[in-house]
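The structure file upload.cif is reproduced below (mmCIF, C-alpha atoms).
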```cif
data_upload
#
loop_
_atom_site.group_PDB
_atom_site.id
_atom_site.type_symbol
_atom_site.label_atom_id
_atom_site.label_comp_id
_atom_site.auth_asym_id
_atom_site.auth_seq_id
_atom_site.Cartn_x
_atom_site.Cartn_y
_atom_site.Cartn_z
ATOM 1 C CA MET J 1 0.000 0.000 0.000
ATOM 2 C CA ALA J 2 1.391 3.409 -0.991
ATOM 3 C CA ARG J 3 2.067 5.870 1.767
ATOM 4 C CA THR J 4 0.067 9.079 2.111
ATOM 5 C CA VAL J 5 1.660 12.516 2.349
ATOM 6 C CA VAL J 6 -0.420 15.393 3.695
ATOM 7 C CA VAL J 7 0.572 18.865 2.493
ATOM 8 C CA LEU J 8 -0.747 21.581 4.793
ATOM 9 C CA GLY J 9 -1.377 24.752 2.824
ATOM 10 C CA GLY J 10 -2.162 25.375 -0.823
ATOM 11 C CA GLY J 11 0.156 28.343 -1.206
ATOM 12 C CA ILE J 12 2.803 28.320 -3.900
ATOM 13 C CA SER J 13 5.176 26.142 -1.811
ATOM 14 C CA GLY J 14 2.429 23.645 -0.976
ATOM 15 C CA LEU J 15 1.383 23.481 -4.611
ATOM 16 C CA ALA J 16 4.997 22.995 -5.730
ATOM 17 C CA ALA J 17 5.534 20.248 -3.129
ATOM 18 C CA SER J 18 2.302 18.504 -4.187
ATOM 19 C CA TYR J 19 3.298 18.696 -7.838
ATOM 20 C CA HIS J 20 6.779 17.241 -7.265
ATOM 21 C CA LEU J 21 5.439 14.511 -4.971
ATOM 22 C CA SER J 22 2.855 13.477 -7.581
ATOM 23 C CA ARG J 23 5.521 13.345 -10.318
ATOM 24 C CA ALA J 24 7.834 10.978 -8.391
ATOM 25 C CA PRO J 25 8.631 7.550 -9.918
ATOM 26 C CA CYS J 26 6.593 5.851 -7.149
ATOM 27 C CA PRO J 27 4.371 8.720 -6.059
ATOM 28 C CA PRO J 28 2.697 8.680 -2.663
ATOM 29 C CA LYS J 29 -0.961 9.544 -2.303
ATOM 30 C CA VAL J 30 -0.940 13.355 -1.870
ATOM 31 C CA VAL J 31 -3.625 15.082 0.186
ATOM 32 C CA LEU J 32 -3.518 18.876 -0.060
ATOM 33 C CA VAL J 33 -5.283 20.681 2.805
ATOM 34 C CA GLU J 34 -6.087 24.372 2.327
ATOM 35 C CA ALA J 35 -8.075 26.469 4.818
ATOM 36 C CA SER J 36 -9.271 29.158 2.399
ATOM 37 C CA GLU J 37 -11.606 28.948 -0.577
ATOM 38 C CA ARG J 38 -8.797 29.346 -3.105
ATOM 39 C CA LEU J 39 -5.343 28.006 -3.827
ATOM 40 C CA GLY J 40 -2.255 30.182 -4.208
ATOM 41 C CA GLY J 41 -1.846 31.432 -0.666
ATOM 42 C CA TRP J 42 -0.930 35.090 -0.503
ATOM 43 C CA ILE J 43 -0.126 35.242 -4.230
ATOM 44 C CA ARG J 44 -2.984 36.934 -6.036
ATOM 45 C CA SER J 45 -3.985 39.807 -8.258
ATOM 46 C CA VAL J 46 -6.345 42.470 -6.911
ATOM 47 C CA ARG J 47 -7.914 45.454 -8.603
ATOM 48 C CA GLY J 48 -7.786 48.748 -6.706
ATOM 49 C CA PRO J 49 -10.669 51.234 -6.652
ATOM 50 C CA ASN J 50 -9.076 53.237 -9.479
ATOM 51 C CA GLY J 51 -8.765 50.127 -11.686
ATOM 52 C CA ALA J 52 -5.052 49.560 -11.046
ATOM 53 C CA VAL J 53 -4.099 45.895 -10.759
ATOM 54 C CA PHE J 54 -1.770 45.001 -7.918
ATOM 55 C CA GLU J 55 0.230 41.783 -8.177
ATOM 56 C CA LEU J 56 0.752 40.551 -4.660
ATOM 57 C CA GLY J 57 3.520 38.171 -3.716
ATOM 58 C CA PRO J 58 3.777 35.829 -0.764
ATOM 59 C CA ARG J 59 4.173 38.776 1.615
ATOM 60 C CA GLY J 60 1.551 41.089 0.142
ATOM 61 C CA ILE J 61 -1.878 42.309 1.166
ATOM 62 C CA ARG J 62 -3.912 39.529 2.696
ATOM 63 C CA PRO J 63 -7.574 38.997 1.734
ATOM 64 C CA ALA J 64 -10.339 41.237 3.021
ATOM 65 C CA GLY J 65 -14.014 40.333 3.221
ATOM 66 C CA ALA J 66 -14.786 38.013 6.116
ATOM 67 C CA LEU J 67 -11.147 38.272 7.201
ATOM 68 C CA GLY J 68 -11.147 42.063 6.911
ATOM 69 C CA ALA J 69 -10.603 42.597 10.625
ATOM 70 C CA ARG J 70 -7.384 40.607 10.333
ATOM 71 C CA THR J 71 -6.151 42.027 7.042
ATOM 72 C CA LEU J 72 -2.410 42.569 6.865
ATOM 73 C CA LEU J 73 -1.049 45.342 4.712
ATOM 74 C CA LEU J 74 2.681 45.419 4.091
ATOM 75 C CA VAL J 75 3.887 48.770 2.807
ATOM 76 C CA MET J 76 7.487 49.189 1.694
ATOM 77 C CA LEU J 77 8.618 52.749 1.109
ATOM 78 C CA GLY J 78 12.038 53.816 -0.028
ATOM 79 C CA GLY J 79 14.105 54.842 -2.979
ATOM 80 C CA SER J 80 13.895 58.477 -4.033
ATOM 81 C CA TRP J 81 11.124 59.169 -1.520
ATOM 82 C CA LEU J 82 13.387 58.229 1.383
ATOM 83 C CA HIS J 83 16.383 60.060 -0.099
ATOM 84 C CA THR J 84 14.261 63.214 -0.508
ATOM 85 C CA LEU J 85 13.144 63.086 3.130
ATOM 86 C CA GLU J 86 16.713 62.635 4.303
ATOM 87 C CA ALA J 87 17.951 65.468 2.060
ATOM 88 C CA ARG J 88 15.362 67.769 3.632
ATOM 89 C CA GLY J 89 16.701 66.855 7.069
ATOM 90 C CA ALA J 90 13.578 64.985 8.171
ATOM 91 C CA VAL J 91 13.849 62.824 11.250
ATOM 92 C CA LEU J 92 12.927 59.292 10.146
ATOM 93 C CA SER J 93 10.724 58.492 13.128
ATOM 94 C CA GLN J 94 8.359 55.538 13.352
ATOM 95 C CA GLU J 95 5.478 58.008 13.461
ATOM 96 C CA LEU J 96 6.554 59.677 10.200
ATOM 97 C CA LEU J 97 7.039 56.322 8.443
ATOM 98 C CA GLN J 98 3.661 55.063 9.671
ATOM 99 C CA GLN J 99 1.940 58.272 8.526
ATOM 100 C CA GLN J 100 3.550 58.037 5.076
ATOM 101 C CA ALA J 101 2.593 54.349 4.729
ATOM 102 C CA GLN J 102 -1.017 55.064 5.732
ATOM 103 C CA GLU J 103 -1.206 57.954 3.248
ATOM 104 C CA ALA J 104 0.190 55.733 0.463
ATOM 105 C CA ALA J 105 -2.327 52.974 1.257
ATOM 106 C CA ALA J 106 -5.184 55.477 1.330
ATOM 107 C CA THR J 107 -4.142 57.007 -1.993
ATOM 108 C CA GLN J 108 -3.365 53.762 -3.844
ATOM 109 C CA LEU J 109 -6.014 51.441 -2.388
ATOM 110 C CA GLY J 110 -8.717 53.830 -1.206
ATOM 111 C CA LEU J 111 -8.408 52.724 2.434
ATOM 112 C CA LYS J 112 -10.239 55.129 4.722
ATOM 113 C CA GLU J 113 -10.025 53.510 8.149
ATOM 114 C CA PRO J 114 -6.796 53.729 10.145
ATOM 115 C CA PRO J 115 -5.185 50.387 11.013
ATOM 116 C CA SER J 116 -5.908 48.802 14.375
ATOM 117 C CA HIS J 117 -2.223 47.862 14.806
ATOM 118 C CA CYS J 118 0.998 49.050 13.216
ATOM 119 C CA LEU J 119 4.516 47.714 13.299
ATOM 120 C CA VAL J 120 7.154 49.925 11.712
ATOM 121 C CA HIS J 121 10.691 48.857 10.833
ATOM 122 C CA LEU J 122 13.296 50.966 9.095
ATOM 123 C CA HIS J 123 15.622 48.852 6.973
ATOM 124 C CA LYS J 124 17.969 51.201 5.170
ATOM 125 C CA ASN J 125 19.748 50.033 2.017
ATOM 126 C CA CYS J 126 17.992 46.663 1.881
ATOM 127 C CA ILE J 127 14.778 44.850 1.157
ATOM 128 C CA PRO J 128 13.365 43.490 4.441
ATOM 129 C CA GLN J 129 12.891 39.751 4.613
ATOM 130 C CA TYR J 130 13.363 38.226 8.053
ATOM 131 C CA THR J 131 13.981 39.567 11.520
ATOM 132 C CA LEU J 132 17.293 39.231 13.305
ATOM 133 C CA GLY J 133 17.758 35.679 14.602
ATOM 134 C CA HIS J 134 15.473 34.074 12.004
ATOM 135 C CA TRP J 135 18.100 31.618 10.757
ATOM 136 C CA GLN J 136 18.954 30.479 14.298
ATOM 137 C CA LYS J 137 15.248 29.874 15.051
ATOM 138 C CA LEU J 138 14.849 27.972 11.789
ATOM 139 C CA GLU J 139 17.912 25.822 12.521
ATOM 140 C CA ALA J 140 16.606 25.066 16.031
ATOM 141 C CA ALA J 141 13.228 24.018 14.589
ATOM 142 C CA MET J 142 14.907 21.752 12.020
ATOM 143 C CA GLN J 143 17.117 20.171 14.705
ATOM 144 C CA PHE J 144 14.060 19.574 16.895
ATOM 145 C CA LEU J 145 12.166 17.877 14.061
ATOM 146 C CA ALA J 146 15.196 15.671 13.325
ATOM 147 C CA SER J 147 15.917 14.808 16.966
ATOM 148 C CA GLN J 148 12.284 13.861 17.605
ATOM 149 C CA ARG J 149 12.120 11.970 14.297
ATOM 150 C CA LEU J 150 8.931 13.781 13.450
ATOM 151 C CA PRO J 151 7.690 13.081 9.909
ATOM 152 C CA LEU J 152 7.467 16.776 9.082
ATOM 153 C CA THR J 153 9.283 19.100 6.731
ATOM 154 C CA LEU J 154 8.957 22.864 6.413
ATOM 155 C CA ALA J 155 8.475 24.829 3.214
ATOM 156 C CA GLY J 156 7.311 28.295 2.283
ATOM 157 C CA ALA J 157 7.980 32.001 2.523
ATOM 158 C CA SER J 158 8.212 31.854 6.323
ATOM 159 C CA TYR J 159 11.335 29.725 6.182
ATOM 160 C CA GLU J 160 13.856 30.093 3.365
ATOM 161 C CA GLY J 161 13.075 32.968 1.014
ATOM 162 C CA VAL J 162 10.151 35.273 0.339
ATOM 163 C CA ALA J 163 10.231 35.556 -3.449
ATOM 164 C CA VAL J 164 7.977 33.412 -5.637
ATOM 165 C CA ASN J 165 10.915 31.437 -7.039
ATOM 166 C CA ASP J 166 12.143 30.813 -3.452
ATOM 167 C CA CYS J 167 8.708 29.439 -2.511
ATOM 168 C CA ILE J 168 8.595 27.119 -5.523
ATOM 169 C CA GLU J 169 12.116 25.845 -4.784
ATOM 170 C CA SER J 170 11.220 25.408 -1.117
ATOM 171 C CA GLY J 171 8.293 23.203 -2.123
ATOM 172 C CA ARG J 172 10.478 21.163 -4.479
ATOM 173 C CA GLN J 173 13.108 20.617 -1.780
ATOM 174 C CA ALA J 174 10.430 19.633 0.759
ATOM 175 C CA ALA J 175 9.091 17.034 -1.689
ATOM 176 C CA ALA J 176 12.607 15.688 -2.259
ATOM 177 C CA ARG J 177 13.149 15.348 1.531
ATOM 178 C CA VAL J 178 9.842 13.496 1.911
ATOM 179 C CA LEU J 179 10.728 11.170 -0.960
ATOM 180 C CA GLY J 180 14.162 10.519 0.545
ATOM 181 C CA SER J 181 16.061 11.954 -2.402
ATOM 182 C CA VAL J 182 18.694 14.640 -2.189
ATOM 183 C CA PRO J 183 17.344 17.911 -3.577
ATOM 184 C CA ASN J 184 19.418 19.405 -6.375
ATOM 185 C CA SER J 185 20.368 22.938 -5.365
#
```

Structure re-expressed in structure tokens:
Amino acid sequence: MARTVVVLGGGISGLAASYHLSRAPCPPKVVLVEASERLGGWIRSVRGPNGAVFELGPRGIRPAGALGARTLLLVMLGGSWLHTLEARGAVLSQELLQQQAQEAAATQLGLKEPPSHCLVHLHKNCIPQYTLGHWQKLEAAMQFLASQRLPLTLAGASYEGVAVNDCIESGRQAAARVLGSVPNS
């Protein structure tokens, strides 16, 4: 009897893992479990009130509607805007950055209500991905799974890369680990 592999989450990494598992020479039965009504996770296209289409990646705006109270909006500001503020001698306070992000969201997406919670980080000269200590936490989690011999593997934007291609590769590597083959890097 073939073994069964359960993939939790139908985001891009879960879909990639399911695909690679199903294409194996002796594929296991694959059960994909997704909590929402659609596959793709956080990757989606949305149309703003002015007709603009926003392509959202794995760390983009989360769905509204029934989940509206828990909607997450990630706003990244920088480039010439930040350089202009600095050239004018502006103090880059959390309050200023939050105000600018809220104004951008209101202008681009038509959001009228202020957020219930805000978390502001200033990452100069970089694109933010993970917080300090992420890799140590990830390594500790992997060591725990191995030491306990738990039949689990991790994949997705929360672990080893936030870009779409990182998520697809993460799913492929997770499938290879489950199948007992060495993933090609």

Looking at J:Ile168, J:Ala2, J:Val178, J:Ala140, which one is nearest to Thr153 (chain J), with distances taken over all atoms listed in the file? J:Val178

To verify the selection step, state as a list in words which residues the PyMOL selection byres ((chain J and resi 151) around 12) yields on this input. Thr4, Val5, Val6, Val7, Met142, Phe144, Leu145, Ala146, Ser147, Gln148, Arg149, Leu150, Leu152, Thr153, Leu154, Ala174, Arg177, Val178, Leu179 and Gly180 of chain J

Once the PyMOL selection byres ((chain J and resi 80-96) around 10) has been applied to the shown file, what residues remain in the selection, as a PyMOL selection string? chain J and resi 77-79+97-102+118-122+124

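In this comparison, which uses all atoms listed in the file, the residue of J:Ser181, J:Gln173, J:Asn165, J:Gln143 approaching Ile12 (chain J) most closely is J:Asn165.
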
For the structure shown, which residues end up in the PyMOL selection byres ((chain J and resi 9) around 6)? Put them as a list in words, please?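 Evaluating the PyMOL selection byres ((chain J and resi 9) around 6) on this file yields Leu8, Gly10, Gly11, Gly14, Val33 and Glu34 of chain J.
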
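The space between CA of Glu160 (chain J) and CA of Leu109 (chain J) spans 29.7 Å.
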
What is the CA of Ser158 (chain J)-CA of His134 (chain J) distance in Å, reported with one decimal?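 Between CA of Ser158 (chain J) and CA of His134 (chain J) the gap is 9.5 Å.
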
Work out how far apart CA of Ala175 (chain J) and CA of Ala24 (chain J) are and give it in Å to one decimal.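 Taking CA of Ala175 (chain J) and CA of Ala24 (chain J), their separation equals 9.1 Å.
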
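Counting only C-alpha atoms and comparing J:Gln136, J:Ser45, J:Ser36, J:Ser170, the residue that lies closest to Ala157 (chain J) is J:Ser170.
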